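What's in target.tsv: TSV, C-alpha atoms
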```tsv
chain	number	residue	atom	x	y	z
A	19	MET	CA	27.94	28.88	6.70
A	20	GLN	CA	24.45	27.58	6.05
A	21	LEU	CA	23.58	24.88	3.51
A	22	LEU	CA	20.11	24.79	1.99
A	23	ILE	CA	19.24	21.33	0.64
A	24	LEU	CA	16.22	20.85	-1.59
A	25	ASP	CA	14.74	17.36	-1.55
A	26	ALA	CA	14.07	17.97	-5.23
A	27	LEU	CA	11.61	15.23	-6.16
A	28	ASN	CA	9.67	15.70	-2.93
A	29	LEU	CA	9.18	19.35	-3.89
A	30	ILE	CA	8.67	18.81	-7.63
A	31	ARG	CA	6.14	15.99	-7.38
A	32	ARG	CA	3.94	18.06	-5.10
A	33	LEU	CA	4.17	21.10	-7.33
A	34	TYR	CA	3.36	18.98	-10.39
A	35	ALA	CA	0.36	17.36	-8.67
A	36	VAL	CA	-1.20	20.80	-8.24
A	37	GLN	CA	-0.49	21.84	-11.81
A	38	GLU	CA	-1.73	18.53	-13.22
A	39	VAL	CA	-5.13	19.22	-11.69
A	40	GLN	CA	-5.24	22.78	-13.01
A	41	HIS	CA	-4.03	22.00	-16.55
A	42	GLN	CA	-5.48	19.16	-18.62
A	43	ASP	CA	-2.72	19.49	-21.21
A	44	SER	CA	0.48	17.83	-19.97
A	45	LYS	CA	2.73	20.36	-21.70
A	46	ALA	CA	0.94	23.21	-19.97
A	47	ALA	CA	1.17	21.37	-16.64
A	48	LEU	CA	4.91	20.89	-17.10
A	49	ALA	CA	5.47	24.52	-18.06
A	50	ALA	CA	3.48	25.61	-15.02
A	51	THR	CA	5.55	23.26	-12.86
A	52	SER	CA	8.72	24.93	-14.12
A	53	ALA	CA	7.35	28.32	-13.17
A	54	ALA	CA	6.19	27.06	-9.77
A	55	LEU	CA	9.56	25.45	-9.07
A	56	ILE	CA	11.48	28.63	-9.91
A	57	HIS	CA	9.09	30.64	-7.75
A	58	ALA	CA	9.43	28.21	-4.82
A	59	ALA	CA	13.22	27.99	-5.06
A	60	THR	CA	13.61	31.75	-5.35
A	61	ARG	CA	11.42	32.22	-2.30
A	62	LEU	CA	13.52	29.71	-0.35
A	63	LEU	CA	16.72	31.50	-1.32
A	64	ARG	CA	15.27	34.79	-0.08
A	65	GLN	CA	13.99	33.23	3.14
A	66	PHE	CA	17.16	31.47	4.19
A	67	GLN	CA	19.92	33.48	2.50
A	68	PRO	CA	22.13	30.38	2.34
A	69	SER	CA	25.84	30.49	1.71
A	70	HIS	CA	25.58	27.10	-0.01
A	71	VAL	CA	22.70	25.37	-1.80
A	72	VAL	CA	22.00	22.15	-3.69
A	73	ALA	CA	19.01	20.27	-5.12
A	74	VAL	CA	19.30	16.52	-4.56
A	75	PHE	CA	17.59	14.21	-7.05
A	76	ASP	CA	17.08	10.45	-7.04
A	77	GLY	CA	19.31	8.93	-9.67
A	78	ALA	CA	19.35	5.39	-8.27
A	79	PRO	CA	16.07	3.56	-8.94
A	80	GLN	CA	17.47	0.39	-7.34
A	81	GLY	CA	19.58	1.23	-4.30
A	82	PHE	CA	20.80	-1.13	-1.59
A	83	ARG	CA	17.39	-1.13	0.14
A	84	HIS	CA	15.73	-2.66	-2.92
A	85	HIS	CA	18.33	-5.41	-2.94
A	86	LEU	CA	17.81	-6.11	0.76
A	87	TYR	CA	14.03	-5.94	0.46
A	88	PRO	CA	12.59	-6.09	-3.08
A	89	ALA	CA	9.19	-4.85	-1.85
A	90	TYR	CA	10.73	-1.57	-0.66
A	91	LYS	CA	8.47	1.29	-1.80
A	92	ALA	CA	6.55	-1.13	-4.02
A	93	ASN	CA	3.28	0.48	-2.93
A	94	ARG	CA	4.22	3.92	-4.27
A	95	LYS	CA	2.80	5.27	-7.49
A	96	PRO	CA	5.47	5.63	-10.16
A	97	MET	CA	6.35	9.13	-11.28
A	98	PRO	CA	4.15	10.22	-14.20
A	99	THR	CA	6.08	9.63	-17.42
A	100	PRO	CA	5.75	13.23	-18.70
A	101	LEU	CA	7.26	14.51	-15.45
A	102	ALA	CA	10.04	11.92	-15.44
A	103	ASP	CA	10.95	12.92	-18.99
A	104	TYR	CA	10.96	16.60	-17.96
A	105	LEU	CA	13.33	16.36	-14.99
A	106	GLY	CA	16.32	17.42	-17.08
A	107	GLN	CA	14.58	20.69	-17.91
A	108	LEU	CA	13.70	21.26	-14.25
A	109	GLN	CA	17.34	20.75	-13.30
A	110	GLN	CA	18.25	23.37	-15.88
A	111	ASP	CA	15.64	25.71	-14.40
A	112	LEU	CA	17.29	25.41	-11.01
A	113	TRP	CA	20.74	25.82	-12.50
A	114	GLY	CA	19.53	29.08	-14.05
A	115	ILE	CA	19.01	30.56	-10.58
A	116	GLY	CA	22.25	29.22	-9.18
A	117	ILE	CA	21.18	25.85	-7.73
A	118	ASP	CA	23.16	22.84	-8.88
A	119	ALA	CA	21.70	19.32	-8.96
A	120	LEU	CA	23.21	16.36	-7.15
A	121	LEU	CA	22.33	12.78	-7.99
A	122	SER	CA	24.01	9.40	-7.84
A	123	ASP	CA	23.74	6.21	-9.86
A	124	THR	CA	24.08	4.12	-6.72
A	125	ASP	CA	22.73	6.10	-3.74
A	126	GLU	CA	19.23	7.29	-2.89
A	127	ALA	CA	18.62	11.01	-2.56
A	128	ASP	CA	17.69	10.61	1.11
A	129	ASP	CA	21.13	9.18	1.91
A	130	LEU	CA	22.91	11.90	-0.05
A	131	ILE	CA	20.93	14.48	1.89
A	132	ALA	CA	21.72	12.75	5.19
A	133	THR	CA	25.43	12.69	4.33
A	134	LEU	CA	25.51	16.37	3.42
A	135	ALA	CA	23.57	17.47	6.49
A	136	SER	CA	25.48	15.25	8.92
A	137	THR	CA	28.85	16.26	7.51
A	138	LEU	CA	28.09	19.91	8.15
A	139	SER	CA	26.57	19.18	11.54
A	140	ARG	CA	29.70	17.37	12.68
A	141	HIS	CA	31.58	20.60	11.97
A	142	GLY	CA	29.02	22.73	13.80
A	143	LYS	CA	27.56	24.22	10.60
A	144	ALA	CA	23.88	24.89	9.95
A	145	CYS	CA	21.76	23.01	7.43
A	146	VAL	CA	18.13	23.34	6.32
A	147	ILE	CA	16.50	20.42	4.50
A	148	VAL	CA	13.46	21.42	2.45
A	149	SER	CA	11.18	18.38	2.48
A	150	THR	CA	7.91	17.03	3.82
A	151	ASP	CA	9.51	13.60	4.41
A	152	GLN	CA	9.36	12.85	8.14
A	153	GLY	CA	12.12	10.29	7.76
A	154	PHE	CA	14.59	13.17	7.97
A	155	CYS	CA	13.51	13.79	11.57
A	156	GLN	CA	16.07	11.18	12.63
A	157	LEU	CA	18.78	13.68	11.60
A	158	LEU	CA	17.50	16.64	13.55
A	159	ASN	CA	19.83	18.29	16.06
A	160	PRO	CA	20.73	21.89	16.97
A	161	HIS	CA	22.47	22.29	13.58
A	162	ILE	CA	19.91	20.60	11.30
A	163	GLN	CA	16.29	21.55	10.74
A	164	LEU	CA	13.56	20.57	8.29
A	165	TRP	CA	11.49	23.11	6.41
A	166	ASP	CA	8.03	22.30	5.06
A	167	HIS	CA	7.67	24.70	2.14
A	168	PHE	CA	3.98	23.99	1.72
A	169	LYS	CA	3.08	24.67	5.34
A	170	GLN	CA	5.78	27.33	5.68
A	171	ALA	CA	6.79	25.67	8.92
A	172	ALA	CA	10.08	24.63	10.49
A	173	VAL	CA	10.51	21.21	12.06
A	174	THR	CA	13.30	21.47	14.61
A	175	GLN	CA	14.58	18.81	16.99
A	176	ALA	CA	12.32	20.18	19.73
A	177	VAL	CA	9.28	20.18	17.45
A	178	ALA	CA	9.91	16.59	16.33
A	179	GLU	CA	10.46	15.35	19.87
A	180	GLN	CA	7.24	17.00	20.98
A	181	LYS	CA	5.35	15.45	18.05
A	182	PHE	CA	6.68	11.91	18.45
A	183	GLN	CA	7.14	12.03	22.23
A	184	LEU	CA	10.55	10.46	21.70
A	185	ASN	CA	14.14	11.61	21.40
A	186	THR	CA	15.16	11.98	17.77
A	187	HIS	CA	17.84	9.31	18.25
A	188	GLN	CA	15.04	6.84	19.11
A	189	LEU	CA	13.07	7.41	15.91
A	190	VAL	CA	14.89	4.81	13.81
A	191	ASP	CA	14.13	2.13	16.42
A	192	TYR	CA	10.55	3.40	16.71
A	193	TRP	CA	9.99	3.00	12.97
A	194	ALA	CA	11.75	-0.36	13.00
A	195	LEU	CA	9.11	-1.52	15.49
A	196	THR	CA	6.04	0.06	13.89
A	197	GLY	CA	7.09	-0.12	10.24
A	198	VAL	CA	6.72	2.69	7.72
A	199	SER	CA	3.67	2.16	5.53
A	200	GLY	CA	4.65	4.85	3.01
A	201	SER	CA	7.80	2.90	2.13
A	202	ASN	CA	6.12	-0.52	2.45
A	203	ILE	CA	8.41	-1.39	5.36
A	204	LYS	CA	6.90	-3.93	7.72
A	205	GLY	CA	7.62	-3.58	11.41
A	206	VAL	CA	6.97	-6.09	14.17
A	207	PRO	CA	3.50	-7.69	13.90
A	208	GLY	CA	1.21	-6.38	16.62
A	209	ILE	CA	3.43	-3.43	17.52
A	210	GLY	CA	1.79	-0.10	16.81
A	211	PRO	CA	2.75	3.39	18.02
A	212	LYS	CA	1.45	2.90	21.58
A	213	ARG	CA	3.30	-0.36	22.15
A	214	ALA	CA	6.44	0.95	20.46
A	215	HIS	CA	6.43	3.91	22.84
A	216	ALA	CA	6.05	1.57	25.80
A	217	LEU	CA	8.95	-0.59	24.61
A	218	LEU	CA	11.27	2.36	24.11
A	219	ALA	CA	10.27	3.85	27.45
A	220	ARG	CA	11.29	0.58	29.07
A	221	TRP	CA	14.33	-0.39	27.04
A	222	HIS	CA	15.38	2.99	25.56
A	223	LYS	CA	16.59	1.35	22.36
A	224	LEU	CA	16.01	-1.78	20.32
A	225	ASP	CA	19.48	-3.21	20.93
A	226	ASN	CA	18.90	-3.21	24.68
A	227	LEU	CA	15.67	-5.16	24.26
A	228	LEU	CA	17.22	-7.72	21.92
A	229	SER	CA	20.29	-8.29	24.08
A	230	GLU	CA	18.68	-8.29	27.52
A	231	ALA	CA	15.07	-9.46	27.22
A	232	GLN	CA	16.01	-12.89	25.88
A	233	ASN	CA	17.92	-13.58	29.12
A	234	MET	CA	14.97	-12.73	31.34
A	235	PRO	CA	12.64	-15.35	32.84
A	236	ASP	CA	9.55	-15.80	30.68
A	237	GLN	CA	7.23	-14.48	33.35
A	238	GLU	CA	9.14	-11.18	33.52
A	239	ARG	CA	8.92	-10.48	29.81
A	240	ALA	CA	6.03	-8.44	28.52
A	241	LYS	CA	3.93	-9.62	25.57
A	242	GLU	CA	5.51	-6.88	23.46
A	243	ASP	CA	9.02	-8.07	24.39
A	244	ASN	CA	8.20	-11.56	23.14
A	245	ALA	CA	6.77	-10.19	19.90
A	246	VAL	CA	10.00	-8.36	19.14
A	247	LEU	CA	12.18	-11.32	20.09
A	248	THR	CA	10.09	-13.61	17.89
A	249	HIS	CA	10.41	-11.24	14.95
A	250	ARG	CA	13.97	-10.15	15.67
A	251	GLU	CA	15.21	-10.44	12.07
A	252	GLN	CA	12.24	-8.49	10.74
A	253	ALA	CA	12.87	-5.66	13.22
A	254	LEU	CA	16.57	-5.53	12.35
A	255	LEU	CA	15.82	-5.47	8.62
A	256	ALA	CA	13.27	-2.69	9.12
A	257	ARG	CA	15.83	-0.68	11.06
A	258	GLN	CA	18.41	-1.11	8.30
A	259	LEU	CA	15.87	0.08	5.74
A	260	VAL	CA	14.71	3.07	7.82
A	261	LYS	CA	18.10	4.33	8.95
A	262	LEU	CA	19.60	6.93	6.65
A	263	VAL	CA	23.19	6.48	5.52
A	264	ASP	CA	25.20	9.54	6.48
A	265	ASP	CA	28.75	8.67	5.46
A	266	ILE	CA	28.68	8.35	1.66
A	267	LYS	CA	31.88	9.38	-0.10
A	268	LEU	CA	30.56	12.27	-2.16
A	269	GLY	CA	33.60	12.84	-4.34
A	270	PHE	CA	33.43	16.62	-4.25
A	271	ASN	CA	34.17	19.49	-1.91
A	272	LEU	CA	31.29	21.28	-0.20
A	273	SER	CA	32.80	24.55	-1.42
A	274	GLN	CA	31.48	23.59	-4.87
A	275	LEU	CA	27.95	24.12	-3.55
A	276	ARG	CA	28.58	27.77	-2.73
A	277	TYR	CA	25.69	29.98	-3.77
A	278	HIS	CA	27.19	32.78	-5.83
A	279	SER	CA	25.54	36.16	-5.54
A	280	SER	CA	26.04	36.80	-9.26
A	281	THR	CA	23.49	34.08	-10.02
A	282	LYS	CA	20.96	34.94	-7.37
A	283	GLY	CA	17.43	35.03	-8.63
A	284	GLY	CA	14.49	37.14	-7.51
```
Would you kindly transcribe this structure into structure tokens?
Amino acid sequence: MQLLILDALNLIRRLYAVQEVQHQDSKAALAATSAALIHAATRLLRQFQPSHVVAVFDGAPQGFRHHLYPAYKANRKPMPTPLADYLGQLQQDLWGIGIDALLSDTDEADDLIATLASTLSRHGKACVIVSTDQGFCQLLNPHIQLWDHFKQAAVTQAVAEQKFQLNTHQLVDYWALTGVSGSNIKGVPGIGPKRAHALLARWHKLDNLLSEAQNMPDQERAKEDNAVLTHREQALLARQLVKLVDDIKLGFNLSQLRYHSSTKGG
């Protein structure tokens, strides 16, 4: 079994951005986006030959992260209105080549994707997530890989660990310390990548630092340790925002995502 998961809006927004530049008329840009999406999805189906496939869309504009932190993703440009109004047609386009859409009124697409991938991984099954979102690197293991359609490149656990110089299970704590500018998540003031690496090399994980450093004599604590202790609540909030939820009750059986050969396109 292999599940192919399309991070649908990640793919669609990038395809649309290209077509918007090439076509001044919005209707032409949308039609070209439809064609580009079908072409991309068909290519992915040929490349990976999945037994199961799904396109996950964001259906929850205000998930739990927005309630915890109202400024979450506040720095992102909103989806262009013509594209937002056209998403139903794009879902139909995918359905036409055998790819069903999954979306939730309460959960973000990233958490749905994490739940699907982690559920399969726990059963030793393979999953490919098609996305350019590096936040998914926290999920990577021998059963889960990322695929960048635009670079035609795989991001495996080994690739991610080489890139970040960290174990994938440390990435959530790393981003909690540094923040994630693309999602408007603030980390610990004064802690950038270099200092975050030093902290994780010393403490291995954020919980160790928070539980042990406060009991150390002041002279034994590093400047970075004090910064994290001072901004403890901010670091914990950032970690909660960064960490993907992987145990959502989906309400359907994974067998419903089977890719039927009778609908295969291309």
I'd like the neighbourhood of stretch 175-186 of chain A as a count of residues only, where a residue qualifies if any of its atoms comes within 7 Å (using only C-alpha atoms), though same-chain residues fewer than 5 positions away should be ignored.
5
I want to know what sits within 10 Å of stretch 113-121 of chain A, based on all atoms listed in the file, with residues of the same chain fewer than 2 positions away left out; could you give that as a VMD selection string?
chain A and resid 22 to 24 26 56 59 to 60 63 70 to 78 106 to 111 123 to 127 130 to 131 268 274 to 284
Pick from A:Val198, A:Leu228, A:Leu55, A:Ile162, whichever lies nearest to A:Arg32 using only C-alpha atoms
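With only C-alpha atoms as the atom set, the closest residue is A:Leu55.
Nearest-residue note for A:Leu138: choosing from A:His161, A:Gly153, A:Tyr104, A:Asp265, the minimum distance belongs to A:His161, counting only C-alpha atoms.
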Return as AutoDock Vina command-line options the box centre and box size in Å, one decimal, for an axis-aligned box around all listed atoms of stretch 42-52 of chain A padded by 8 Å per side.
```
--center_x 1.6 --center_y 21.7 --center_z -17.3 --size_x 30.2 --size_y 23.8 --size_z 24.8
```
Which residue gives the smallest distance to A:Asn93 among A:Asn202, A:Ser229, A:Lys45, A:Ala256, with only C-alpha atoms counted?
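Among A:Asn202, A:Ser229, A:Lys45, A:Ala256, it is A:Asn202 that comes nearest to A:Asn93.
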Option closest in space to A:Val148, from A:Ala171, A:Ala49, A:Ala253, A:Ala102 [counting all atoms listed in the file]:
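Ranked by minimum distance to A:Val148, first place goes to A:Ala171.
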